[in-house]
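> Input work-v4.cif, format and content: mmCIF, C-alpha atoms.
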data_query
#
loop_
_atom_site.group_PDB
_atom_site.id
_atom_site.type_symbol
_atom_site.label_atom_id
_atom_site.label_comp_id
_atom_site.auth_asym_id
_atom_site.auth_seq_id
_atom_site.Cartn_x
_atom_site.Cartn_y
_atom_site.Cartn_z
ATOM 1 C CA MET Q 1155 0.000 0.000 0.000
ATOM 2 C CA ALA Q 1156 1.391 3.379 -0.980
ATOM 3 C CA ILE Q 1157 0.999 4.941 2.446
ATOM 4 C CA GLY Q 1158 2.926 2.111 4.092
ATOM 5 C CA LYS Q 1159 5.744 2.342 1.544
ATOM 6 C CA THR Q 1160 6.022 6.091 1.964
ATOM 7 C CA THR Q 1161 6.103 5.593 5.689
ATOM 8 C CA LEU Q 1162 9.069 3.237 5.383
ATOM 9 C CA TYR Q 1163 11.180 5.986 3.802
ATOM 10 C CA LYS Q 1164 10.010 8.452 6.416
ATOM 11 C CA ARG Q 1165 11.014 6.001 9.122
ATOM 12 C CA VAL Q 1166 14.444 5.678 7.562
ATOM 13 C CA LEU Q 1167 14.689 9.477 7.416
ATOM 14 C CA ALA Q 1168 13.831 9.775 11.082
ATOM 15 C CA ALA Q 1169 16.108 6.936 12.152
ATOM 16 C CA SER Q 1170 19.120 8.252 10.213
ATOM 17 C CA GLY Q 1171 19.919 11.027 12.656
ATOM 18 C CA LEU Q 1172 21.082 13.231 9.782
ATOM 19 C CA SER Q 1173 20.574 16.982 9.749
ATOM 20 C CA ARG Q 1174 17.291 18.196 8.309
ATOM 21 C CA ILE Q 1175 19.375 20.477 6.073
ATOM 22 C CA PHE Q 1176 20.414 17.599 3.848
ATOM 23 C CA VAL Q 1177 18.892 14.339 5.117
ATOM 24 C CA ASP Q 1178 16.404 13.990 2.268
ATOM 25 C CA GLY Q 1179 19.031 14.737 -0.373
ATOM 26 C CA VAL Q 1180 21.564 12.331 1.132
ATOM 27 C CA LEU Q 1181 19.129 9.435 1.449
ATOM 28 C CA ARG Q 1182 17.436 9.981 -1.916
ATOM 29 C CA ARG Q 1183 20.863 9.985 -3.549
ATOM 30 C CA ALA Q 1184 21.944 6.858 -1.680
ATOM 31 C CA CYS Q 1185 18.761 5.061 -2.758
ATOM 32 C CA ALA Q 1186 19.127 6.258 -6.337
ATOM 33 C CA ARG Q 1187 22.590 4.660 -6.477
ATOM 34 C CA ALA Q 1188 20.850 1.365 -5.695
ATOM 35 C CA ASN Q 1189 18.083 2.093 -8.238
ATOM 36 C CA VAL Q 1190 15.557 2.289 -5.435
ATOM 37 C CA ASN Q 1191 12.712 4.795 -5.613
ATOM 38 C CA VAL Q 1192 12.151 6.215 -2.130
ATOM 39 C CA ASP Q 1193 8.491 6.903 -2.892
ATOM 40 C CA THR Q 1194 7.804 3.207 -3.462
ATOM 41 C CA MET Q 1195 10.461 1.777 -1.158
ATOM 42 C CA THR Q 1196 9.830 -1.725 0.193
ATOM 43 C CA PRO Q 1197 11.900 -3.617 2.776
ATOM 44 C CA GLU Q 1198 13.565 -5.405 -0.149
ATOM 45 C CA GLY Q 1199 14.425 -2.058 -1.749
ATOM 46 C CA LEU Q 1200 15.801 -0.855 1.537
ATOM 47 C CA ARG Q 1201 18.031 -3.946 1.709
ATOM 48 C CA LYS Q 1202 19.440 -3.041 -1.715
ATOM 49 C CA ALA Q 1203 20.021 0.551 -0.666
ATOM 50 C CA LEU Q 1204 21.499 -0.248 2.742
ATOM 51 C CA PRO Q 1205 25.178 -0.324 1.691
ATOM 52 C CA TYR Q 1206 24.840 3.147 0.165
ATOM 53 C CA ILE Q 1207 22.861 4.485 3.112
ATOM 54 C CA GLU Q 1208 25.491 3.100 5.480
ATOM 55 C CA ASP Q 1209 28.306 4.765 3.523
ATOM 56 C CA SER Q 1210 26.444 8.070 3.716
ATOM 57 C CA LEU Q 1211 25.806 7.896 7.441
ATOM 58 C CA ARG Q 1212 29.474 7.128 8.135
ATOM 59 C CA ILE Q 1213 30.436 10.391 6.409
ATOM 60 C CA TYR Q 1214 28.306 12.626 8.597
ATOM 61 C CA LEU Q 1215 28.099 10.840 11.942
ATOM 62 C CA PRO Q 1216 30.724 9.781 14.491
ATOM 63 C CA PRO Q 1217 31.511 6.037 14.191
ATOM 64 C CA ASP Q 1218 29.594 4.880 17.254
ATOM 65 C CA GLU Q 1219 26.493 6.875 16.406
ATOM 66 C CA ALA Q 1220 26.641 5.812 12.746
ATOM 67 C CA GLU Q 1221 26.692 2.127 13.739
ATOM 68 C CA ARG Q 1222 23.792 2.635 16.146
ATOM 69 C CA ARG Q 1223 21.720 4.407 13.476
ATOM 70 C CA ILE Q 1224 22.603 1.809 10.856
ATOM 71 C CA GLY Q 1225 21.471 -0.937 13.216
ATOM 72 C CA ALA Q 1226 18.123 0.778 13.661
ATOM 73 C CA ILE Q 1227 17.634 1.200 9.902
ATOM 74 C CA ARG Q 1228 18.597 -2.436 9.196
ATOM 75 C CA LYS Q 1229 15.670 -3.540 11.335
ATOM 76 C CA PHE Q 1230 13.283 -1.865 8.879
ATOM 77 C CA ALA Q 1231 14.646 -4.112 6.133
ATOM 78 C CA GLU Q 1232 13.948 -7.365 7.969
ATOM 79 C CA MET W 306 60.695 7.962 -5.729
ATOM 80 C CA ALA W 307 60.794 10.226 -2.714
ATOM 81 C CA SER W 308 57.845 12.568 -2.313
ATOM 82 C CA THR W 309 58.458 16.250 -2.767
ATOM 83 C CA GLN W 310 57.369 19.044 -0.487
ATOM 84 C CA ALA W 311 54.691 19.943 -3.067
ATOM 85 C CA ASP W 312 53.315 16.382 -2.944
ATOM 86 C CA ASP W 313 53.209 16.493 0.829
ATOM 87 C CA LEU W 314 51.452 19.849 1.099
ATOM 88 C CA PRO W 315 47.858 18.597 0.563
ATOM 89 C CA LEU W 316 48.498 15.858 3.128
ATOM 90 C CA LEU W 317 49.735 18.465 5.579
ATOM 91 C CA LEU W 318 46.595 20.519 4.946
ATOM 92 C CA LEU W 319 44.446 17.429 5.523
ATOM 93 C CA LYS W 320 46.200 16.779 8.829
ATOM 94 C CA ILE W 321 45.581 20.385 9.840
ATOM 95 C CA ALA W 322 41.946 20.209 8.720
ATOM 96 C CA ARG W 323 41.330 17.040 10.745
ATOM 97 C CA GLY W 324 42.713 18.729 13.826
ATOM 98 C CA HIS W 325 40.635 21.842 13.235
ATOM 99 C CA GLU W 326 37.102 20.476 12.859
ATOM 100 C CA GLN W 327 35.923 22.859 15.539
ATOM 101 C CA ALA W 328 37.488 25.763 13.634
ATOM 102 C CA TRP W 329 35.370 24.882 10.604
ATOM 103 C CA ILE W 330 32.274 24.857 12.787
ATOM 104 C CA GLU W 331 33.164 28.238 14.248
ATOM 105 C CA SER W 332 33.879 29.640 10.797
ATOM 106 C CA LEU W 333 30.461 28.504 9.612
ATOM 107 C CA ARG W 334 28.811 29.844 12.757
ATOM 108 C CA LYS W 335 30.258 33.271 12.006
ATOM 109 C CA ALA W 336 29.356 33.110 8.326
ATOM 110 C CA VAL W 337 25.715 32.067 8.692
ATOM 111 C CA PRO W 338 24.453 35.214 10.515
ATOM 112 C CA LYS W 339 26.272 37.465 8.029
ATOM 113 C CA SER W 340 24.577 35.731 5.136
ATOM 114 C CA ARG W 341 21.184 35.737 6.834
ATOM 115 C CA ARG W 342 21.427 39.488 7.394
ATOM 116 C CA ARG W 343 22.499 40.028 3.809
ATOM 117 C CA PHE W 344 19.548 38.081 2.402
ATOM 118 C CA ASP W 345 17.034 38.694 5.188
ATOM 119 C CA LEU W 346 15.855 35.085 5.162
ATOM 120 C CA PRO W 347 13.240 33.754 7.581
ATOM 121 C CA MET W 348 15.099 30.478 8.123
ATOM 122 C CA PRO W 349 14.869 28.302 11.218
ATOM 123 C CA PRO W 350 18.143 28.476 13.152
ATOM 124 C CA TRP W 351 20.652 25.686 12.715
ATOM 125 C CA VAL W 352 21.392 23.610 15.801
ATOM 126 C CA ASP W 353 24.791 22.353 16.971
ATOM 127 C CA GLU W 354 24.256 18.978 15.317
ATOM 128 C CA ASP W 355 23.634 20.655 11.949
ATOM 129 C CA TYR W 356 27.001 22.387 12.185
ATOM 130 C CA ARG W 357 28.806 19.241 13.350
ATOM 131 C CA GLN W 358 27.434 17.132 10.507
ATOM 132 C CA LEU W 359 28.168 19.783 7.901
ATOM 133 C CA ALA W 360 31.745 19.970 9.203
ATOM 134 C CA ARG W 361 32.210 16.192 9.192
ATOM 135 C CA GLY W 362 30.847 15.984 5.656
ATOM 136 C CA TYR W 363 33.021 18.842 4.473
ATOM 137 C CA LEU W 364 36.131 17.219 5.930
ATOM 138 C CA ALA W 365 35.232 13.902 4.285
ATOM 139 C CA VAL W 366 34.989 15.711 0.953
ATOM 140 C CA PHE W 367 38.314 17.468 1.576
ATOM 141 C CA GLU W 368 39.926 14.122 2.417
ATOM 142 C CA GLU W 369 38.614 12.616 -0.807
ATOM 143 C CA ALA W 370 40.151 15.481 -2.798
ATOM 144 C CA VAL W 371 43.519 15.264 -1.065
ATOM 145 C CA MET W 372 43.689 11.471 -1.375
ATOM 146 C CA LYS W 373 42.461 11.674 -4.984
ATOM 147 C CA THR W 374 39.981 8.843 -4.441
ATOM 148 C CA GLY W 375 37.273 10.247 -6.703
ATOM 149 C CA THR W 376 34.397 12.694 -6.459
ATOM 150 C CA VAL W 377 31.547 10.561 -5.101
ATOM 151 C CA ARG W 378 31.529 12.230 -1.694
ATOM 152 C CA ARG W 379 31.973 15.688 -3.163
ATOM 153 C CA GLU W 380 29.063 15.311 -5.560
ATOM 154 C CA ALA W 381 26.833 13.757 -2.909
ATOM 155 C CA TYR W 382 27.674 16.407 -0.317
ATOM 156 C CA ILE W 383 27.265 19.398 -2.595
ATOM 157 C CA ASP W 384 24.151 18.086 -4.364
ATOM 158 C CA SER W 385 22.441 17.107 -1.115
ATOM 159 C CA ILE W 386 23.055 20.435 0.573
ATOM 160 C CA VAL W 387 22.322 22.558 -2.465
ATOM 161 C CA GLU W 388 19.118 20.700 -3.333
ATOM 162 C CA GLY W 389 17.969 20.600 0.278
ATOM 163 C CA MET W 390 18.508 24.307 0.756
ATOM 164 C CA LEU W 391 17.059 25.379 -2.586
ATOM 165 C CA LYS W 392 13.978 23.225 -2.027
ATOM 166 C CA SER W 393 13.441 24.994 1.289
ATOM 167 C CA GLY W 394 13.381 28.359 -0.506
ATOM 168 C CA VAL W 395 16.952 29.503 0.162
ATOM 169 C CA PRO W 396 18.443 31.286 -2.869
ATOM 170 C CA LEU W 397 21.631 30.048 -4.501
ATOM 171 C CA ASP W 398 23.220 33.445 -3.807
ATOM 172 C CA TYR W 399 22.893 32.725 -0.100
ATOM 173 C CA LEU W 400 24.696 29.401 -0.404
ATOM 174 C CA VAL W 401 27.543 31.020 -2.290
ATOM 175 C CA HIS W 402 27.694 33.869 0.230
ATOM 176 C CA VAL W 403 27.899 31.600 3.249
ATOM 177 C CA SER W 404 30.341 29.216 1.568
ATOM 178 C CA VAL W 405 32.754 31.960 0.553
ATOM 179 C CA ALA W 406 32.631 33.535 4.006
ATOM 180 C CA SER W 407 33.174 30.265 5.855
ATOM 181 C CA GLN W 408 35.980 29.106 3.567
ATOM 182 C CA ALA W 409 37.725 32.483 3.909
ATOM 183 C CA GLY W 410 37.755 31.796 7.634
ATOM 184 C CA LEU W 411 39.171 28.325 7.014
ATOM 185 C CA LEU W 412 41.924 29.693 4.801
ATOM 186 C CA VAL W 413 43.213 31.926 7.580
ATOM 187 C CA ASP W 414 42.832 29.266 10.266
ATOM 188 C CA TRP W 415 44.532 26.447 8.355
ATOM 189 C CA VAL W 416 47.348 28.475 6.810
ATOM 190 C CA ALA W 417 48.327 29.744 10.253
ATOM 191 C CA GLU W 418 49.295 26.139 11.062
ATOM 192 C CA VAL W 419 51.485 25.713 7.957
ATOM 193 C CA PRO W 420 55.257 26.288 8.309
ATOM 194 C CA PHE W 421 56.070 29.817 7.200
ATOM 195 C CA GLU W 422 58.074 28.836 4.097
ATOM 196 C CA GLN W 423 55.206 26.663 2.786
ATOM 197 C CA ARG W 424 52.461 29.224 3.290
ATOM 198 C CA PRO W 425 52.496 30.731 -0.219
ATOM 199 C CA ALA W 426 52.113 27.264 -1.732
ATOM 200 C CA ALA W 427 49.412 26.358 0.800
ATOM 201 C CA ILE W 428 47.454 29.520 0.005
ATOM 202 C CA ASP W 429 47.782 28.803 -3.707
ATOM 203 C CA TRP W 430 46.539 25.207 -3.285
ATOM 204 C CA LEU W 431 43.629 26.202 -1.065
ATOM 205 C CA MET W 432 42.613 29.069 -3.367
ATOM 206 C CA GLY W 433 42.219 26.533 -6.145
ATOM 207 C CA TYR W 434 40.367 24.053 -3.945
ATOM 208 C CA PHE W 435 37.941 26.603 -2.537
ATOM 209 C CA ALA W 436 37.289 28.171 -5.938
ATOM 210 C CA ASP W 437 36.564 24.755 -7.455
ATOM 211 C CA TYR W 438 34.221 23.995 -4.565
ATOM 212 C CA ILE W 439 32.242 27.194 -5.096
ATOM 213 C CA ALA W 440 32.120 26.589 -8.845
ATOM 214 C CA ASP W 441 30.814 23.047 -8.264
ATOM 215 C CA MET W 442 28.203 24.399 -5.864
ATOM 216 C CA MET W 443 27.089 26.972 -8.428
ATOM 217 C CA GLY W 444 26.931 24.255 -11.069
ATOM 218 C CA ALA W 445 24.836 21.980 -8.859
ATOM 219 C CA GLY W 446 22.486 24.834 -8.009
ATOM 220 C CA THR W 447 22.133 25.944 -11.601
ATOM 221 C CA ARG W 448 21.371 22.387 -12.756
ATOM 222 C CA PHE W 449 18.807 21.932 -10.005
ATOM 223 C CA LEU W 450 17.063 25.211 -10.836
ATOM 224 C CA ALA W 451 17.083 24.382 -14.553
ATOM 225 C CA ARG W 452 15.248 21.129 -13.812
ATOM 226 C CA GLY W 453 12.515 23.206 -12.221
#
Take the structure in the file and give it back as structure tokens.


Amino acid sequence: MAIGKTTLYKRVLAASGLSRIFVDGVLRRACARANVNVDTMTPEGLRKALPYIEDSLRIYLPPDEAERRIGAIRKFAE
Amino acid sequence: MASTQADDLPLLLLKIARGHEQAWIESLRKAVPKSRRRFDLPMPPWVDEDYRQLARGYLAVFEEAVMKTGTVRREAYIDSIVEGMLKSGVPLDYLVHVSVASQAGLLVDWVAEVPFEQRPAAIDWLMGYFADYIADMMGAGTRFLARG
């Protein structure tokens, strides 16, 4: 259902811990690299995009926080 | 082949930059109010975490340039910030204004840590880096605006 899929991306946005200044741009770009459309993102799509999302988070967040955030996002892909 | 002083200079600047993350944050903190006054923008204030993440991202991009490992981080960083800000109604002029002001602060802060005899070369290298950065930001903004 479209609302549920949209909500998945919003949950990833919220769980990322990235600044509101660029969080949408960073995550949309990461998903695009995996050919995943954020507007129709499914858990399977999130699994494909995870490596790119993880790379992005490690750029902006301290290592311990990045790993904690990544762990939270991985749960959405299960 | 032994590295020359010119080869080592970007690495020295990277070492300085890594040790001066707080200086970048302070430079940006000083630049943002100047740009807001200049453009009279009703923007929500940035919080400490915004500044910290921008600084970490900027340093990651600088590291990529010094290590010559590509432009993936640079493109992602610039595009994400430019698109995010433009979508929120901030004009491209503002982004250029704040970027020039903050990088001018960085130039002074970083070069002060360079040995005196290497300062002219360091200034020359950083002038090129900062100018390229601003040009890339302008390019990203112009492309975004052209897409409507």

> Which of these residues is nearest to Val387 of chain W, using only C-alpha atoms: Q:Glu1232, Q:Phe1176, Q:Arg1165, Q:Arg1183?

Q:Phe1176

> Which polymer residues, whether protein, DNA or RNA, lie within 12 Å of the coordinate (31.4, 28.7, 15.5) when you count all atoms listed in the file? List them as a list in words, using the chain letters and numbers from the file.

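In the file's frame, the residues around the point are His325, Glu326, Gln327, Ala328, Trp329, Ile330, Glu331, Ser332, Leu333, Arg334, Lys335, Ala336, Val337, Pro338, Trp351, Val352, Asp353, Asp355, Tyr356, Arg357, Ala360, Ser407, Gly410 and Leu411 of chain W.
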
> How far is it from atom CA of Met443 of chain W to atom CA of Ile386 of chain W, in Å with one decimal?

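So the two atoms, atom CA of Met443 of chain W and atom CA of Ile386 of chain W, lie 11.8 Å apart.
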
> Check what the PyMOL selection byres ((chain Q and resi 1178) around 12) selects in the file above and give those residues as a ChimeraX atom specification.

/Q:1163-1168,1170-1177,1179-1186,1192-1193,1207,1210 /W:381-382,384-390,392-393

> Got a sec: who's within 10 Å of Leu364 of chain W, counting only C-alpha atoms, leaving out chain neighbours fewer than 4 positions off, as a PyMOL selection string?

(chain Q and resi 1213-1214) or (chain W and resi 319+322-323+325-326+329+358-360+368-370)

> Here is a test: counting all atoms listed in the file, which residue of W:Arg452, W:Arg424, W:Lys339, W:Arg379 is nearest to Tyr438 of chain W?

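The answer is W:Arg379, which sits nearest to Tyr438 of chain W.
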
> Pick from W:Pro350, W:Ala409, W:Gln423, W:Asp313: nearest to chain Q, with all atoms listed in the file counted?

W:Pro350
